[in-house]
file start.cif (mmCIF, C-alpha atoms)
data_start
#
loop_
_atom_site.label_atom_id
_atom_site.label_comp_id
_atom_site.auth_asym_id
_atom_site.auth_seq_id
_atom_site.Cartn_x
_atom_site.Cartn_y
_atom_site.Cartn_z
CA MET A 3 -27.41 16.84 -106.72
CA ARG A 4 -25.68 15.16 -103.80
CA ARG A 5 -28.78 13.15 -103.10
CA THR A 6 -28.97 11.64 -106.55
CA PHE A 7 -25.30 10.73 -106.22
CA VAL A 8 -25.96 8.89 -102.96
CA GLU A 9 -29.00 7.11 -104.42
CA ASN A 10 -27.02 6.17 -107.50
CA ARG A 11 -24.18 4.87 -105.40
CA VAL A 12 -26.48 2.56 -103.46
CA ALA A 13 -28.04 1.33 -106.71
CA ALA A 14 -24.66 0.84 -108.37
CA LEU A 15 -23.24 -1.05 -105.40
CA GLY A 16 -26.37 -3.17 -105.16
CA GLY A 17 -26.19 -4.00 -108.87
CA LEU A 18 -22.52 -4.85 -108.60
CA ALA A 19 -23.21 -7.12 -105.64
CA VAL A 20 -25.97 -8.95 -107.53
CA VAL A 21 -23.84 -9.44 -110.66
CA LEU A 22 -20.78 -10.58 -108.72
CA THR A 23 -22.76 -12.94 -106.49
CA ALA A 24 -24.41 -14.49 -109.55
CA ALA A 25 -21.00 -14.84 -111.22
CA ALA A 26 -19.53 -16.39 -108.07
CA LEU A 27 -22.42 -18.87 -107.83
CA ALA A 28 -22.01 -19.83 -111.49
CA LEU A 29 -18.27 -20.30 -111.06
CA ILE A 30 -18.68 -22.32 -107.87
CA ILE A 31 -21.29 -24.66 -109.35
CA PHE A 32 -20.13 -25.10 -112.95
CA TYR A 33 -16.49 -24.08 -113.20
CA VAL A 34 -14.47 -25.12 -110.20
CA PRO A 35 -13.32 -28.79 -110.13
CA ASN A 36 -14.38 -31.04 -107.26
CA ASP A 37 -12.00 -31.22 -104.32
CA ALA A 38 -10.03 -34.48 -104.45
CA ASP A 39 -10.42 -35.04 -100.75
CA GLN A 40 -13.83 -33.66 -99.74
CA GLY A 41 -15.75 -33.78 -103.03
CA PHE A 42 -18.66 -31.47 -103.80
CA SER A 43 -19.17 -30.25 -100.23
CA GLN A 44 -15.86 -28.43 -100.29
CA ARG A 45 -17.46 -25.83 -102.55
CA ILE A 46 -19.02 -24.13 -99.52
CA PHE A 47 -15.48 -22.95 -98.89
CA TYR A 48 -15.95 -20.34 -101.63
CA PHE A 49 -18.71 -18.74 -99.60
CA HIS A 50 -17.55 -19.51 -96.08
CA VAL A 51 -14.09 -17.95 -96.29
CA PRO A 52 -15.06 -14.79 -98.23
CA ILE A 53 -17.92 -14.19 -95.77
CA ALA A 54 -15.49 -14.57 -92.88
CA LEU A 55 -12.99 -12.18 -94.47
CA THR A 56 -15.78 -9.69 -95.20
CA SER A 57 -16.81 -9.90 -91.58
CA TYR A 58 -13.26 -8.98 -90.52
CA ALA A 59 -13.38 -6.11 -93.00
CA CYS A 60 -16.63 -4.89 -91.40
CA PHE A 61 -15.15 -5.00 -87.90
CA GLY A 62 -11.98 -3.29 -89.11
CA TRP A 63 -13.98 -0.58 -90.86
CA GLY A 64 -16.12 -0.13 -87.75
CA ALA A 65 -13.00 0.23 -85.60
CA TRP A 66 -11.51 2.74 -88.03
CA LYS A 67 -14.67 4.83 -87.79
CA ALA A 68 -14.56 4.39 -83.99
CA LEU A 69 -11.03 5.76 -83.99
CA ARG A 70 -12.28 8.78 -85.90
CA VAL A 71 -14.99 9.30 -83.27
CA LEU A 72 -12.38 9.49 -80.53
CA TRP A 73 -9.60 11.16 -82.43
CA LYS A 74 -11.24 13.66 -84.78
CA ARG A 75 -14.51 13.95 -82.79
CA ASP A 76 -16.27 13.18 -86.04
CA GLU A 77 -20.02 13.15 -85.32
CA HIS A 78 -21.04 11.14 -88.36
CA ALA A 79 -18.48 8.44 -87.67
CA ASP A 80 -20.47 7.13 -84.70
CA VAL A 81 -23.41 5.88 -86.76
CA GLU A 82 -21.03 4.69 -89.50
CA SER A 83 -19.09 2.65 -86.96
CA TYR A 84 -22.32 1.18 -85.61
CA VAL A 85 -23.61 0.25 -89.07
CA ALA A 86 -20.30 -1.40 -90.05
CA ILE A 87 -20.30 -3.48 -86.85
CA HIS A 88 -23.94 -4.37 -87.36
CA GLN A 89 -23.10 -5.71 -90.83
CA GLY A 90 -20.08 -7.45 -89.34
CA VAL A 91 -22.28 -9.32 -86.87
CA VAL A 92 -24.62 -10.36 -89.71
CA PHE A 93 -21.70 -11.69 -91.75
CA GLY A 94 -20.24 -13.22 -88.59
CA ALA A 95 -23.46 -15.14 -87.96
CA LEU A 96 -23.36 -16.33 -91.58
CA THR A 97 -19.77 -17.47 -91.04
CA LEU A 98 -20.83 -19.50 -88.02
CA ILE A 99 -23.70 -21.07 -89.95
CA THR A 100 -21.73 -21.90 -93.11
CA GLY A 101 -18.80 -23.12 -91.01
CA SER A 102 -21.12 -25.34 -89.04
CA ILE A 103 -22.62 -26.79 -92.23
CA TRP A 104 -19.16 -27.42 -93.62
CA ALA A 105 -18.05 -29.10 -90.39
CA ARG A 106 -21.12 -31.35 -90.60
CA ALA A 107 -20.41 -32.26 -94.22
CA SER A 108 -16.72 -32.94 -93.85
CA TRP A 109 -16.29 -34.13 -90.26
CA GLY A 110 -19.82 -35.29 -89.45
CA VAL A 111 -20.26 -32.90 -86.51
CA TRP A 112 -22.12 -29.60 -86.31
CA TRP A 113 -19.56 -27.98 -84.10
CA SER A 114 -15.86 -28.56 -83.69
CA TRP A 115 -13.86 -26.79 -81.00
CA GLY A 116 -10.77 -27.70 -82.96
CA GLU A 117 -11.69 -25.38 -85.79
CA ASN A 118 -9.87 -22.15 -84.86
CA GLN A 119 -11.81 -19.80 -87.08
CA LEU A 120 -15.16 -21.11 -85.91
CA VAL A 121 -14.26 -20.67 -82.24
CA LEU A 122 -12.82 -17.23 -82.95
CA PHE A 123 -16.05 -16.22 -84.62
CA LEU A 124 -18.02 -17.45 -81.64
CA VAL A 125 -15.91 -15.25 -79.35
CA LEU A 126 -16.27 -12.28 -81.69
CA PHE A 127 -19.97 -12.90 -82.05
CA LEU A 128 -20.42 -12.81 -78.26
CA PHE A 129 -18.23 -9.73 -78.02
CA TYR A 130 -20.04 -7.72 -80.68
CA CYS A 131 -23.48 -8.76 -79.44
CA ALA A 132 -22.43 -7.18 -76.13
CA TYR A 133 -21.58 -4.08 -78.16
CA PHE A 134 -25.25 -3.76 -79.03
CA MET A 135 -26.29 -4.34 -75.43
CA LEU A 136 -23.94 -1.56 -74.37
CA ARG A 137 -25.14 0.79 -77.08
CA PHE A 138 -28.83 0.26 -76.43
CA SER A 139 -28.41 0.64 -72.69
CA LEU A 140 -26.93 4.15 -73.00
CA GLU A 141 -28.67 7.43 -73.76
CA PRO A 142 -27.85 8.71 -77.26
CA GLY A 143 -25.19 11.37 -77.27
CA ARG A 144 -21.51 12.10 -77.04
CA SER A 145 -20.96 9.75 -74.13
CA ARG A 146 -22.57 6.82 -75.94
CA ALA A 147 -20.52 7.53 -79.06
CA ASN A 148 -17.32 7.50 -77.01
CA MET A 149 -18.09 4.31 -75.11
CA SER A 150 -19.21 2.44 -78.21
CA ALA A 151 -16.05 3.56 -79.95
CA VAL A 152 -13.84 2.39 -77.09
CA TYR A 153 -15.56 -1.00 -77.10
CA ALA A 154 -15.24 -1.29 -80.89
CA LEU A 155 -11.52 -0.59 -80.61
CA PHE A 156 -11.18 -3.33 -77.99
CA GLY A 157 -12.70 -5.63 -80.60
CA VAL A 158 -9.94 -5.21 -83.16
CA VAL A 159 -7.32 -5.89 -80.47
CA LEU A 160 -9.32 -8.89 -79.30
CA ILE A 161 -9.29 -10.47 -82.79
CA PRO A 162 -5.52 -11.22 -82.95
CA VAL A 163 -5.30 -11.93 -79.20
CA SER A 164 -8.15 -14.44 -79.35
CA PHE A 165 -6.75 -15.95 -82.51
CA LEU A 166 -3.42 -16.51 -80.80
CA ALA A 167 -5.13 -17.91 -77.70
CA ILE A 168 -7.28 -20.33 -79.69
CA ARG A 169 -4.30 -21.42 -81.74
CA LEU A 170 -2.50 -22.21 -78.46
CA SER A 171 -5.40 -24.37 -77.38
CA GLN A 172 -5.96 -26.21 -80.62
CA LYS A 173 -6.21 -29.95 -80.79
CA PHE A 174 -7.33 -30.92 -84.25
CA ILE A 175 -5.69 -29.98 -87.51
CA HIS A 176 -7.47 -27.26 -89.37
CA PRO A 177 -7.02 -27.04 -93.13
CA VAL A 178 -4.70 -24.11 -93.68
CA VAL A 179 -5.38 -22.57 -97.04
CA PHE A 180 -3.20 -19.50 -96.80
CA ASN A 181 0.30 -19.95 -95.50
CA ALA A 182 3.69 -18.33 -95.90
CA HIS A 183 3.96 -19.69 -99.45
CA GLY A 184 0.83 -17.93 -100.66
CA PRO A 185 -2.55 -19.47 -101.39
CA GLN A 186 -2.51 -23.26 -101.76
CA MET A 187 -5.00 -23.25 -104.63
CA SER A 188 -4.99 -23.91 -108.32
CA GLY A 189 -5.66 -21.09 -110.79
CA SER A 190 -9.36 -21.86 -111.31
CA GLN A 191 -9.96 -22.19 -107.58
CA PHE A 192 -8.20 -18.93 -106.87
CA LEU A 193 -10.22 -17.10 -109.54
CA THR A 194 -13.50 -18.38 -108.09
CA PHE A 195 -12.36 -17.45 -104.62
CA CYS A 196 -11.48 -13.90 -105.70
CA VAL A 197 -14.79 -13.38 -107.50
CA SER A 198 -16.66 -14.67 -104.48
CA LEU A 199 -14.67 -12.42 -102.15
CA ALA A 200 -15.37 -9.40 -104.37
CA ALA A 201 -19.06 -10.36 -104.38
CA MET A 202 -19.22 -10.48 -100.59
CA LEU A 203 -17.30 -7.24 -100.17
CA SER A 204 -19.56 -5.41 -102.61
CA LEU A 205 -22.58 -6.90 -100.85
CA PHE A 206 -21.26 -5.48 -97.59
CA ALA A 207 -20.65 -2.08 -99.22
CA ALA A 208 -24.19 -2.03 -100.66
CA LEU A 209 -25.84 -3.09 -97.37
CA TYR A 210 -23.67 -0.62 -95.46
CA HIS A 211 -24.81 2.29 -97.61
CA VAL A 212 -28.46 1.19 -97.55
CA GLU A 213 -28.50 0.95 -93.76
CA LEU A 214 -26.56 4.19 -93.40
CA ALA A 215 -29.00 6.02 -95.69
CA GLY A 216 -31.86 4.66 -93.58
CA LYS A 217 -30.25 5.78 -90.32
CA ARG A 218 -29.56 9.24 -91.71
CA LEU A 219 -33.11 9.58 -92.99
CA ASP A 220 -34.28 8.54 -89.55
CA SER A 221 -32.31 11.19 -87.70
CA HIS A 222 -33.27 13.77 -90.32
CA LEU A 223 -36.93 12.94 -89.78
CA ARG A 224 -36.50 13.22 -86.02
CA GLU A 225 -34.93 16.66 -86.40
CA LEU A 226 -37.79 17.80 -88.61
CA ARG A 227 -40.32 16.52 -86.07
CA GLU A 228 -38.59 18.37 -83.28
CA LEU A 229 -38.72 21.52 -85.38
CA LEU A 230 -42.46 21.09 -85.88
CA THR A 231 -43.33 20.64 -82.24
CA MET B 30 0.14 16.44 -56.78
CA THR B 31 2.05 14.12 -59.03
CA TYR B 32 0.39 11.39 -61.07
CA VAL B 33 1.65 8.71 -58.69
CA GLY B 34 0.38 10.71 -55.73
CA ASP B 35 -3.07 11.03 -57.32
CA VAL B 36 -3.24 7.32 -58.03
CA ALA B 37 -2.12 6.44 -54.50
CA ALA B 38 -4.71 8.79 -52.98
CA LEU B 39 -7.51 7.35 -55.10
CA ALA B 40 -6.52 3.76 -54.38
CA ARG B 41 -6.22 4.57 -50.67
CA LYS B 42 -9.75 6.02 -50.71
CA ASP B 43 -11.18 2.77 -52.08
CA LEU B 44 -9.21 0.58 -49.72
CA LEU B 45 -10.25 2.72 -46.73
CA LEU B 46 -13.89 2.58 -47.79
CA GLU B 47 -13.66 -1.20 -47.99
CA LEU B 48 -11.87 -1.41 -44.65
CA ARG B 49 -14.71 0.52 -42.98
CA ALA B 50 -17.73 -0.87 -44.82
CA LYS B 51 -16.41 -4.44 -45.40
CA GLU B 52 -18.82 -5.05 -48.27
CA THR B 53 -16.90 -6.37 -51.25
CA LEU B 54 -14.12 -8.56 -49.93
CA PRO B 55 -16.13 -10.82 -47.59
CA SER B 56 -18.67 -11.46 -50.33
CA MET B 57 -15.90 -12.31 -52.81
CA VAL B 58 -14.28 -14.75 -50.37
CA LEU B 59 -17.58 -16.42 -49.52
CA PHE B 60 -18.52 -16.58 -53.19
CA VAL B 61 -15.30 -18.26 -54.27
CA LEU B 62 -15.49 -20.82 -51.43
CA ALA B 63 -19.11 -21.60 -52.26
CA ALA B 64 -18.23 -21.90 -55.93
CA LEU B 65 -15.38 -24.32 -55.20
CA THR B 66 -17.75 -26.42 -53.07
CA ILE B 67 -20.27 -26.52 -55.90
CA PHE B 68 -17.53 -27.53 -58.32
CA HIS B 69 -16.51 -30.38 -56.07
CA PHE B 70 -19.98 -31.85 -56.41
CA ALA B 71 -20.29 -30.89 -60.06
CA LEU B 72 -17.17 -32.83 -61.02
CA PRO B 73 -17.57 -36.57 -61.46
CA ARG B 74 -15.74 -38.76 -58.95
CA GLY B 75 -12.18 -39.37 -60.03
CA ALA B 76 -11.99 -36.37 -62.36
CA GLY B 77 -8.39 -35.42 -62.94
CA HIS B 78 -6.29 -32.47 -61.90
CA HIS B 79 -6.88 -30.69 -65.22
CA ALA B 80 -10.64 -30.71 -64.87
CA ALA B 81 -10.41 -29.18 -61.40
CA LEU B 82 -7.88 -26.61 -62.57
CA GLY B 83 -10.22 -25.51 -65.34
CA LEU B 84 -12.98 -24.97 -62.81
CA LEU B 85 -10.62 -22.94 -60.61
CA TRP B 86 -10.27 -20.50 -63.50
CA ALA B 87 -14.01 -20.28 -63.95
CA ALA B 88 -14.39 -19.59 -60.21
CA LEU B 89 -11.72 -16.87 -60.30
CA ILE B 90 -13.24 -15.10 -63.30
CA PHE B 91 -16.68 -15.02 -61.69
CA THR B 92 -15.27 -13.91 -58.34
CA ALA B 93 -13.46 -11.08 -60.08
CA LEU B 94 -16.70 -10.17 -61.82
CA LEU B 95 -18.38 -9.89 -58.43
CA GLY B 96 -15.74 -7.45 -57.24
CA LEU B 97 -15.82 -5.48 -60.49
CA THR B 98 -19.59 -5.09 -60.35
CA ARG B 99 -19.23 -3.55 -56.90
CA ALA B 100 -16.28 -1.37 -57.91
CA PHE B 101 -18.20 1.68 -59.09
CA VAL B 102 -21.25 1.35 -56.82
CA ALA B 103 -20.17 4.16 -54.48
CA GLU B 104 -19.37 6.42 -57.42
CA ARG B 105 -22.78 5.79 -58.90
CA GLU B 106 -25.02 5.88 -55.83
CA GLN B 107 -23.40 8.88 -54.19
CA GLY B 108 -22.72 10.85 -57.36
CA MET B 109 -19.00 10.65 -56.75
CA PHE B 110 -18.18 10.42 -60.45
CA ASP B 111 -18.84 14.10 -61.02
CA ALA B 112 -16.62 15.02 -58.11
CA LEU B 113 -13.83 12.77 -59.35
CA ILE B 114 -14.02 14.25 -62.84
CA LEU B 115 -13.87 17.77 -61.40
CA ALA B 116 -10.81 16.86 -59.36
CA PRO B 117 -7.63 18.36 -60.80
CA CYS B 118 -6.03 15.08 -61.77
CA ASP B 119 -5.50 13.13 -64.97
CA ARG B 120 -8.60 11.04 -65.72
CA SER B 121 -6.57 7.89 -66.21
CA ALA B 122 -5.45 8.24 -62.57
CA ILE B 123 -9.06 7.45 -61.57
CA TRP B 124 -8.86 4.26 -63.58
CA LEU B 125 -5.45 3.27 -62.23
CA GLY B 126 -6.47 3.94 -58.62
CA LYS B 127 -9.60 1.84 -59.03
CA THR B 128 -7.69 -0.91 -60.81
CA ILE B 129 -5.19 -1.11 -57.95
CA ALA B 130 -8.01 -1.31 -55.40
CA VAL B 131 -9.85 -4.06 -57.32
CA PHE B 132 -6.55 -5.90 -57.79
CA ALA B 133 -5.96 -5.79 -54.04
CA PHE B 134 -9.43 -7.24 -53.35
CA LEU B 135 -8.96 -9.97 -55.91
CA VAL B 136 -5.53 -10.93 -54.56
CA CYS B 137 -6.96 -11.05 -51.01
CA ALA B 138 -9.78 -13.33 -52.18
CA GLU B 139 -7.27 -15.55 -53.96
CA ILE B 140 -5.07 -15.79 -50.86
CA VAL B 141 -8.03 -17.67 -49.39
CA ALA B 142 -9.18 -19.37 -52.60
CA LEU B 143 -5.90 -20.91 -53.78
CA PRO B 144 -5.05 -22.75 -50.55
CA ALA B 145 -8.69 -23.82 -50.34
CA PHE B 146 -8.45 -25.16 -53.88
CA ALA B 147 -5.21 -26.97 -53.04
CA ALA B 148 -6.88 -28.55 -50.00
CA PHE B 149 -10.20 -29.44 -51.70
CA PHE B 150 -8.73 -30.70 -54.96
CA SER B 151 -5.32 -31.81 -56.10
CA GLY B 152 -2.77 -29.22 -55.00
CA ILE B 153 -1.38 -26.30 -56.88
CA ASP B 154 1.99 -25.52 -58.48
CA GLY B 155 4.06 -22.38 -58.85
CA ARG B 156 3.19 -22.00 -62.50
CA THR B 157 -0.52 -21.76 -61.72
CA ILE B 158 0.14 -19.15 -59.02
CA ALA B 159 2.22 -17.09 -61.47
CA ALA B 160 -0.51 -17.45 -64.12
CA VAL B 161 -3.18 -16.34 -61.63
CA ALA B 162 -1.11 -13.29 -60.68
CA LEU B 163 -0.63 -12.31 -64.33
CA ALA B 164 -4.27 -12.98 -65.15
CA ASP B 165 -5.35 -10.74 -62.23
CA VAL B 166 -3.61 -7.80 -63.85
CA GLY B 167 -5.47 -8.34 -67.12
CA ILE B 168 -8.81 -8.95 -65.40
CA CYS B 169 -8.55 -5.80 -63.30
CA THR B 170 -7.32 -3.46 -66.05
CA VAL B 171 -9.99 -4.44 -68.58
CA GLY B 172 -12.69 -5.08 -65.99
CA THR B 173 -12.35 -1.67 -64.36
CA LEU B 174 -12.71 0.11 -67.69
CA PHE B 175 -15.78 -1.95 -68.61
CA GLY B 176 -17.15 -1.47 -65.10
CA ALA B 177 -17.05 2.29 -65.61
CA MET B 178 -18.86 1.81 -68.94
CA ALA B 179 -21.48 -0.52 -67.47
CA VAL B 180 -22.52 1.82 -64.62
CA ALA B 181 -23.31 4.53 -67.17
CA GLY B 182 -25.95 2.34 -68.83
CA ARG B 183 -29.46 1.44 -67.82
CA ALA B 184 -28.77 -2.27 -67.49
CA ARG B 185 -25.81 -1.70 -65.09
CA GLU B 186 -25.02 -4.94 -63.21
CA LEU B 187 -26.44 -6.95 -66.06
CA LEU B 188 -24.16 -5.33 -68.60
CA LEU B 189 -20.73 -5.92 -67.08
CA PRO B 190 -20.65 -9.74 -67.44
CA LEU B 191 -21.79 -9.41 -71.06
CA LEU B 192 -19.08 -6.88 -71.84
CA PHE B 193 -16.36 -8.58 -69.87
CA LEU B 194 -16.69 -12.34 -70.40
CA PRO B 195 -15.90 -12.44 -74.16
CA VAL B 196 -12.72 -10.45 -73.49
CA ALA B 197 -11.86 -12.77 -70.60
CA ILE B 198 -11.89 -15.90 -72.80
CA PRO B 199 -8.22 -15.47 -73.85
CA ILE B 200 -7.28 -15.10 -70.15
CA VAL B 201 -8.90 -18.44 -69.37
CA ILE B 202 -7.18 -20.11 -72.33
CA GLY B 203 -3.80 -18.68 -71.34
CA GLY B 204 -4.35 -19.50 -67.68
CA VAL B 205 -5.50 -23.10 -68.13
CA GLY B 206 -2.63 -23.77 -70.53
CA GLY B 207 -0.16 -22.00 -68.25
CA TYR B 208 1.12 -19.74 -71.04
CA LEU B 209 2.73 -17.04 -68.90
CA TRP B 210 4.14 -15.11 -71.87
CA PHE B 211 0.71 -14.96 -73.43
CA LEU B 212 -0.85 -13.60 -70.25
CA ALA B 213 1.92 -10.99 -69.99
CA LEU B 214 1.26 -9.98 -73.60
CA TYR B 215 -2.46 -9.73 -72.88
CA ASP B 216 -1.81 -7.55 -69.82
CA ALA B 217 0.48 -5.22 -71.75
CA LEU B 218 -1.85 -4.83 -74.75
CA PHE B 219 -5.13 -4.39 -72.94
CA GLY B 220 -3.55 -2.49 -70.04
CA VAL B 221 -2.25 0.22 -72.35
CA LEU B 222 -5.51 0.29 -74.30
CA ALA B 223 -7.64 0.61 -71.17
CA TRP B 224 -5.33 3.26 -69.72
CA ALA B 225 -5.57 5.33 -72.90
CA ALA B 226 -9.31 4.79 -73.37
CA PHE B 227 -10.58 5.59 -69.87
CA GLU B 228 -10.53 9.33 -70.45
CA TYR B 229 -13.13 8.99 -73.20
CA VAL B 230 -15.37 6.78 -71.08
CA VAL B 231 -15.78 9.34 -68.31
CA ALA B 232 -15.31 12.45 -70.44
CA GLU B 233 -18.98 13.43 -70.70
CA VAL B 234 -21.02 11.65 -68.09
#
call {"tool": "encode", "arguments": {"input": "start.cif", "output": "structure tokens"}}
result
Amino acid sequence: MRRTFVENRVAALGGLAVVLTAAALALIIFYVPNDADQGFSQRIFYFHVPIALTSYACFGWGAWKALRVLWKRDEHADVESYVAIHQGVVFGALTLITGSIWARASWGVWWSWGENQLVLFLVLFLFYCAYFMLRFSLEPGRSRANMSAVYALFGVVLIPVSFLAIRLSQKFIHPVVFNAHGPQMSGSQFLTFCVSLAAMLSLFAALYHVELAGKRLDSHLRELRELLT
Amino acid sequence: MTYVGDVAALARKDLLLELRAKETLPSMVLFVLAALTIFHFALPRGAGHHAALGLLWAALIFTALLGLTRAFVAEREQGMFDALILAPCDRSAIWLGKTIAVFAFLVCAEIVALPAFAAFFSGIDGRTIAAVALADVGICTVGTLFGAMAVAGRARELLLPLLFLPVAIPIVIGGVGGYLWFLALYDALFGVLAWAAFEYVVAEV
């Protein structure tokens, strides 16, 4: 009974992600007006920013699960935290790639140190890649769960600290889309943005559950094997 | 014993060990001097004060890394970790004692490195010295925690730079820019986090 529910949830989330991504693509290509300043290339914004926000959501979710590892001694939270951070690194890499393409299209360079978000993602990318190095260098067990959790928690503190640091060091002017007066977008742009964000978040949820199901199956199989021998 | 007494005893142990073996500090001093010499030749002729100052920060971070890598060697090679965990003291006292010892080594290395920098390059001002002092606190608090994590793994010495350098990027930004308030904020945030987290790192070794 529970199993069918889990399988259905993965299928439902996957379906939702496909529908929303298709809707977002359609809106981005056919619906949204061209940007007055940057023209067609600005449309990558509707993927770049939602992917970046999703990546933050992944890291935040991973840190929340890490907190549960340390606080509630929740055994399942360890693999959940790992899977969320794994997805976060995938989305983070996509952010770096889409950001780089956008920088090329609008400023003519592949990389700009003046772009705060891009530099922040580079720092986070390095940080969370080290998370995997740490995790794979330790023996599985309670101690590894604790250390990975501590490192994951350092990550969520590092995000605002690095952001502040990079902002202090900035030289160029980065387009600020969200400020104290709310989003600086027209209605149609905001709608497309929201659909795209929902698409990316549901994609993350679907991938998260797929990978988690795989990991659980893996450990289940290992337990069965140990029973056999 | 009180918490302060525990910390003082643990820090004293590390300082005494260093005083007798003289392993870490001489290598840190030599390393930082060699690094500054390399930077002199790496910089183009006529490079400004800011370029040299940036390299000073790179040298300090790597020197600190050298000391941090050595920090838990005795614990690891002589199985001292188990003894320390069995000792009737708060686990965070182990971290604080080690942090104080590493901080002392780093400050000693900098007492040589900063005048050497001033002599080799373009002088040094009070703001930089204050920034270095504040940065040392952040480097040692975070670095000691990560050092304890790194020695538990298979990769060991290889792991610490990977864990530590991404977290050290804000220190370099704050230090090069001379943002003392930012460095103080960093120290407070990561100091408290490392202090609270250390217990979990050594809980089940």
call {"tool": "resolve_selection", "arguments": {"input": "start.cif", "expression": "the PyMOL selection byres ((chain A and resi 132) around 9)", "output": "list of chain:residue names"}}
result
A:Phe127, A:Leu128, A:Phe129, A:Tyr130, A:Cys131, A:Tyr133, A:Phe134, A:Met135, A:Leu136, A:Arg137, B:Leu188, B:Leu191, B:Leu192, B:Phe193, B:Pro195
call {"tool": "resolve_selection", "arguments": {"input": "start.cif", "expression": "the PyMOL selection byres ((chain B) within 10 of (chain A))", "output": "ChimeraX atom specification"}}
result
/B:171,174-175,177-185,187-203,205-206,208,211-212,214-215,218-219,222-223,225-234
call {"tool": "resolve_selection", "arguments": {"input": "start.cif", "expression": "the PyMOL selection byres ((chain A and resi 90) around 12)", "output": "ChimeraX atom specification"}}
result
/A:53-65,83-89,91-97,123,126-127,129-131,133,154,157,202-203,205-207,209-210
call {"tool": "write_last_selection", "arguments": {"input": "start.cif", "atoms": "C-alpha atoms", "output": "CSV table (one decimal), in the coordinates of the input"}}
result
chain,number,residue,atom,x,y,z
A,53,ILE,CA,-17.9,-14.2,-95.8
A,54,ALA,CA,-15.5,-14.6,-92.9
A,55,LEU,CA,-13.0,-12.2,-94.5
A,56,THR,CA,-15.8,-9.7,-95.2
A,57,SER,CA,-16.8,-9.9,-91.6
A,58,TYR,CA,-13.3,-9.0,-90.5
A,59,ALA,CA,-13.4,-6.1,-93.0
A,60,CYS,CA,-16.6,-4.9,-91.4
A,61,PHE,CA,-15.2,-5.0,-87.9
A,62,GLY,CA,-12.0,-3.3,-89.1
A,63,TRP,CA,-14.0,-0.6,-90.9
A,64,GLY,CA,-16.1,-0.1,-87.8
A,65,ALA,CA,-13.0,0.2,-85.6
A,83,SER,CA,-19.1,2.6,-87.0
A,84,TYR,CA,-22.3,1.2,-85.6
A,85,VAL,CA,-23.6,0.2,-89.1
A,86,ALA,CA,-20.3,-1.4,-90.0
A,87,ILE,CA,-20.3,-3.5,-86.8
A,88,HIS,CA,-23.9,-4.4,-87.4
A,89,GLN,CA,-23.1,-5.7,-90.8
A,91,VAL,CA,-22.3,-9.3,-86.9
A,92,VAL,CA,-24.6,-10.4,-89.7
A,93,PHE,CA,-21.7,-11.7,-91.8
A,94,GLY,CA,-20.2,-13.2,-88.6
A,95,ALA,CA,-23.5,-15.1,-88.0
A,96,LEU,CA,-23.4,-16.3,-91.6
A,97,THR,CA,-19.8,-17.5,-91.0
A,123,PHE,CA,-16.0,-16.2,-84.6
A,126,LEU,CA,-16.3,-12.3,-81.7
A,127,PHE,CA,-20.0,-12.9,-82.0
A,129,PHE,CA,-18.2,-9.7,-78.0
A,130,TYR,CA,-20.0,-7.7,-80.7
A,131,CYS,CA,-23.5,-8.8,-79.4
A,133,TYR,CA,-21.6,-4.1,-78.2
A,154,ALA,CA,-15.2,-1.3,-80.9
A,157,GLY,CA,-12.7,-5.6,-80.6
A,202,MET,CA,-19.2,-10.5,-100.6
A,203,LEU,CA,-17.3,-7.2,-100.2
A,205,LEU,CA,-22.6,-6.9,-100.8
A,206,PHE,CA,-21.3,-5.5,-97.6
A,207,ALA,CA,-20.6,-2.1,-99.2
A,209,LEU,CA,-25.8,-3.1,-97.4
A,210,TYR,CA,-23.7,-0.6,-95.5
call {"tool": "atom_distance", "arguments": {"input": "start.cif", "atom1": "atom CA of A:His50", "atom2": "atom CA of A:Glu213"}}
result
23.3 Å
call {"tool": "closest_residue", "arguments": {"input": "start.cif", "among": "A:Leu120, A:Ala201, A:Leu230, A:Val212", "to": "A:Leu18", "atoms": "all atoms listed in the file"}}
result
A:Ala201
call {"tool": "atom_distance", "arguments": {"input": "start.cif", "atom1": "atom CA of B:Gly108", "atom2": "atom CA of B:Tyr32"}}
result
23.4 Å
call {"tool": "residues_around", "arguments": {"input": "start.cif", "residues": "A:Leu22", "least_positions_apart": "6", "cutoff": "12 Å", "atoms": "all atoms listed in the file", "output": "list in words"}}
result
Leu15, Gly16, Ala28, Leu29, Ile30, Thr194, Phe195, Cys196, Val197, Ser198, Leu199, Ala200, Ala201, Met202, Leu203, Ser204 and Leu205 of chain A
call {"tool": "write_last_selection", "arguments": {"input": "start.cif", "atoms": "C-alpha atoms", "output": "tab-separated table (two decimals), in the coordinates of the input"}}
result
chain	number	residue	atom	x	y	z
A	15	LEU	CA	-23.24	-1.05	-105.40
A	16	GLY	CA	-26.37	-3.17	-105.16
A	28	ALA	CA	-22.01	-19.83	-111.49
A	29	LEU	CA	-18.27	-20.30	-111.06
A	30	ILE	CA	-18.68	-22.32	-107.87
A	194	THR	CA	-13.50	-18.38	-108.09
A	195	PHE	CA	-12.36	-17.45	-104.62
A	196	CYS	CA	-11.48	-13.90	-105.70
A	197	VAL	CA	-14.79	-13.38	-107.50
A	198	SER	CA	-16.66	-14.67	-104.48
A	199	LEU	CA	-14.67	-12.42	-102.15
A	200	ALA	CA	-15.37	-9.40	-104.37
A	201	ALA	CA	-19.06	-10.36	-104.38
A	202	MET	CA	-19.22	-10.48	-100.59
A	203	LEU	CA	-17.30	-7.24	-100.17
A	204	SER	CA	-19.56	-5.41	-102.61
A	205	LEU	CA	-22.58	-6.90	-100.85
